[in-house]
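Data first, discussion second: the structure below is written as structure tokens.
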Amino acid sequence: ADDDPQTAQFAATSLQSLGGPVVEDRLLDRVGTEHPEEARAKAVFVLGSVGGKETLNRLEELTDDESAAVRKRVFSAVSKLRAGGG
């Protein structure tokens, strides 16, 4: 949720590299509406690369999210996860 776009992008890229169930769980905790919109959208973006079946199910619930940025990332992430066999 960093305000600096470069820092936020570096964090997202680092989380993608780490992957694993801990990263997936922590990112799933960040997709709720109690978190800032940009942080939620970035979490969804990374989940598209590191997520599994549980993530796919959770993201499918967000296809009608109030945030256009989150919805856009959800559709992309769901497509990636489905293509990967998720």
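Chain identifiers are assigned as A, B, and so on, following the order in which chains appear in the structure tokens; residues are numbered from 1 within each chain, and ligands are numbered from 1 in order of appearance.
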Give me the residues near A:His35 as a list in words, where near means some atom within 12 Å (using only C-alpha atoms) and where sequence neighbours in that chain fewer than 6 positions away do not count.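 Final neighbour list, sorted by chain and number: Ala1, Leu27, Leu28, Asp29, Ala41, Lys42, Ala43, Ser67 and Val70 of chain A.
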Could you build a table of the residues in stretch 17-48 of chain A lying no more than 12 Å from stretch 52-63 of chain A, giving for each the nearest pair of atoms and their separation in Å rounded to one decimal place, using only C-alpha atoms, ordered by chain and ascending residue number, as a Markdown table?
```
| residue | atom | partner | partner_atom | distance |
| --- | --- | --- | --- | --- |
| A:Gly19 | CA | A:Gly52 | CA | 10.7 |
| A:Gly20 | CA | A:Gly52 | CA | 9.6 |
| A:Pro21 | CA | A:Gly52 | CA | 8.9 |
| A:Val23 | CA | A:Thr55 | CA | 11.4 |
| A:Glu24 | CA | A:Thr55 | CA | 7.6 |
| A:Asp25 | CA | A:Thr55 | CA | 8.7 |
| A:Arg26 | CA | A:Thr55 | CA | 11.3 |
| A:Leu27 | CA | A:Thr55 | CA | 9.5 |
| A:Leu28 | CA | A:Thr55 | CA | 7.2 |
| A:Asp29 | CA | A:Arg58 | CA | 10.6 |
| A:Arg30 | CA | A:Arg58 | CA | 11.8 |
| A:Val31 | CA | A:Leu59 | CA | 8.7 |
| A:Gly32 | CA | A:Leu62 | CA | 9.4 |
| A:Thr33 | CA | A:Leu62 | CA | 10.3 |
| A:Arg40 | CA | A:Leu62 | CA | 10.8 |
| A:Ala41 | CA | A:Leu62 | CA | 10.9 |
| A:Ala43 | CA | A:Leu59 | CA | 10.7 |
| A:Val44 | CA | A:Leu59 | CA | 7.7 |
| A:Phe45 | CA | A:Leu59 | CA | 10.5 |
| A:Val46 | CA | A:Thr55 | CA | 10.8 |
| A:Leu47 | CA | A:Thr55 | CA | 7.0 |
| A:Gly48 | CA | A:Thr55 | CA | 8.3 |
```
Mind checking DSSP for stretch 13-84 of chain A and telling me the alpha helix (DSSP H) residues as number ranges by chain? A: 13-18, 20-28, 37-50, 53-60, 68-83
Selection from above, C-alpha atoms, as a compact mmCIF listing (two decimals), in the first residue's frame, can you write it?
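The file below, part-v6.txt, is the result:
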```
# COMPACT_ATOMS: atom_id res chain seq x y z
CA THR A 13 7.48 -8.18 -7.84
CA SER A 14 9.27 -9.48 -4.74
CA LEU A 15 6.13 -11.21 -3.50
CA GLN A 16 5.68 -12.86 -6.90
CA SER A 17 9.22 -14.18 -6.67
CA LEU A 18 8.68 -15.53 -3.17
CA GLY A 20 4.13 -19.98 -1.60
CA PRO A 21 1.20 -20.52 0.73
CA VAL A 22 2.26 -17.88 3.28
CA VAL A 23 2.42 -15.16 0.60
CA GLU A 24 -0.89 -16.35 -0.84
CA ASP A 25 -2.61 -16.29 2.57
CA ARG A 26 -1.28 -12.85 3.45
CA LEU A 27 -2.37 -11.42 0.10
CA LEU A 28 -5.82 -12.97 0.44
CA GLU A 37 -8.22 0.25 -3.18
CA GLU A 38 -4.73 0.35 -4.71
CA ALA A 39 -3.38 -2.14 -2.16
CA ARG A 40 -6.29 -4.47 -2.92
CA ALA A 41 -5.72 -4.19 -6.67
CA LYS A 42 -2.00 -4.93 -6.28
CA ALA A 43 -2.72 -7.90 -4.02
CA VAL A 44 -5.10 -9.31 -6.63
CA PHE A 45 -2.49 -8.77 -9.34
CA VAL A 46 0.13 -10.78 -7.45
CA LEU A 47 -2.40 -13.47 -6.53
CA GLY A 48 -2.88 -14.07 -10.24
CA SER A 49 0.71 -15.33 -10.30
CA VAL A 50 1.02 -17.12 -6.96
CA LYS A 53 -7.63 -23.09 -6.19
CA GLU A 54 -8.58 -21.27 -2.98
CA THR A 55 -7.41 -17.99 -4.48
CA LEU A 56 -9.36 -18.63 -7.67
CA ASN A 57 -12.52 -19.21 -5.64
CA ARG A 58 -11.99 -16.08 -3.55
CA LEU A 59 -11.23 -13.89 -6.55
CA GLU A 60 -14.29 -15.09 -8.42
CA ALA A 68 -13.12 -0.73 -11.06
CA ALA A 69 -9.37 -1.14 -10.46
CA VAL A 70 -9.93 -4.26 -8.35
CA ARG A 71 -12.42 -5.72 -10.86
CA LYS A 72 -9.97 -5.19 -13.71
CA ARG A 73 -7.22 -7.01 -11.83
CA VAL A 74 -9.65 -9.75 -10.74
CA PHE A 75 -10.59 -10.58 -14.32
CA SER A 76 -6.93 -10.74 -15.32
CA ALA A 77 -5.93 -12.83 -12.30
CA VAL A 78 -8.83 -15.26 -12.73
CA SER A 79 -7.87 -15.75 -16.38
CA LYS A 80 -4.26 -16.49 -15.41
CA LEU A 81 -5.27 -18.92 -12.68
CA ARG A 82 -7.73 -20.76 -14.93
CA ALA A 83 -5.12 -21.04 -17.67
```
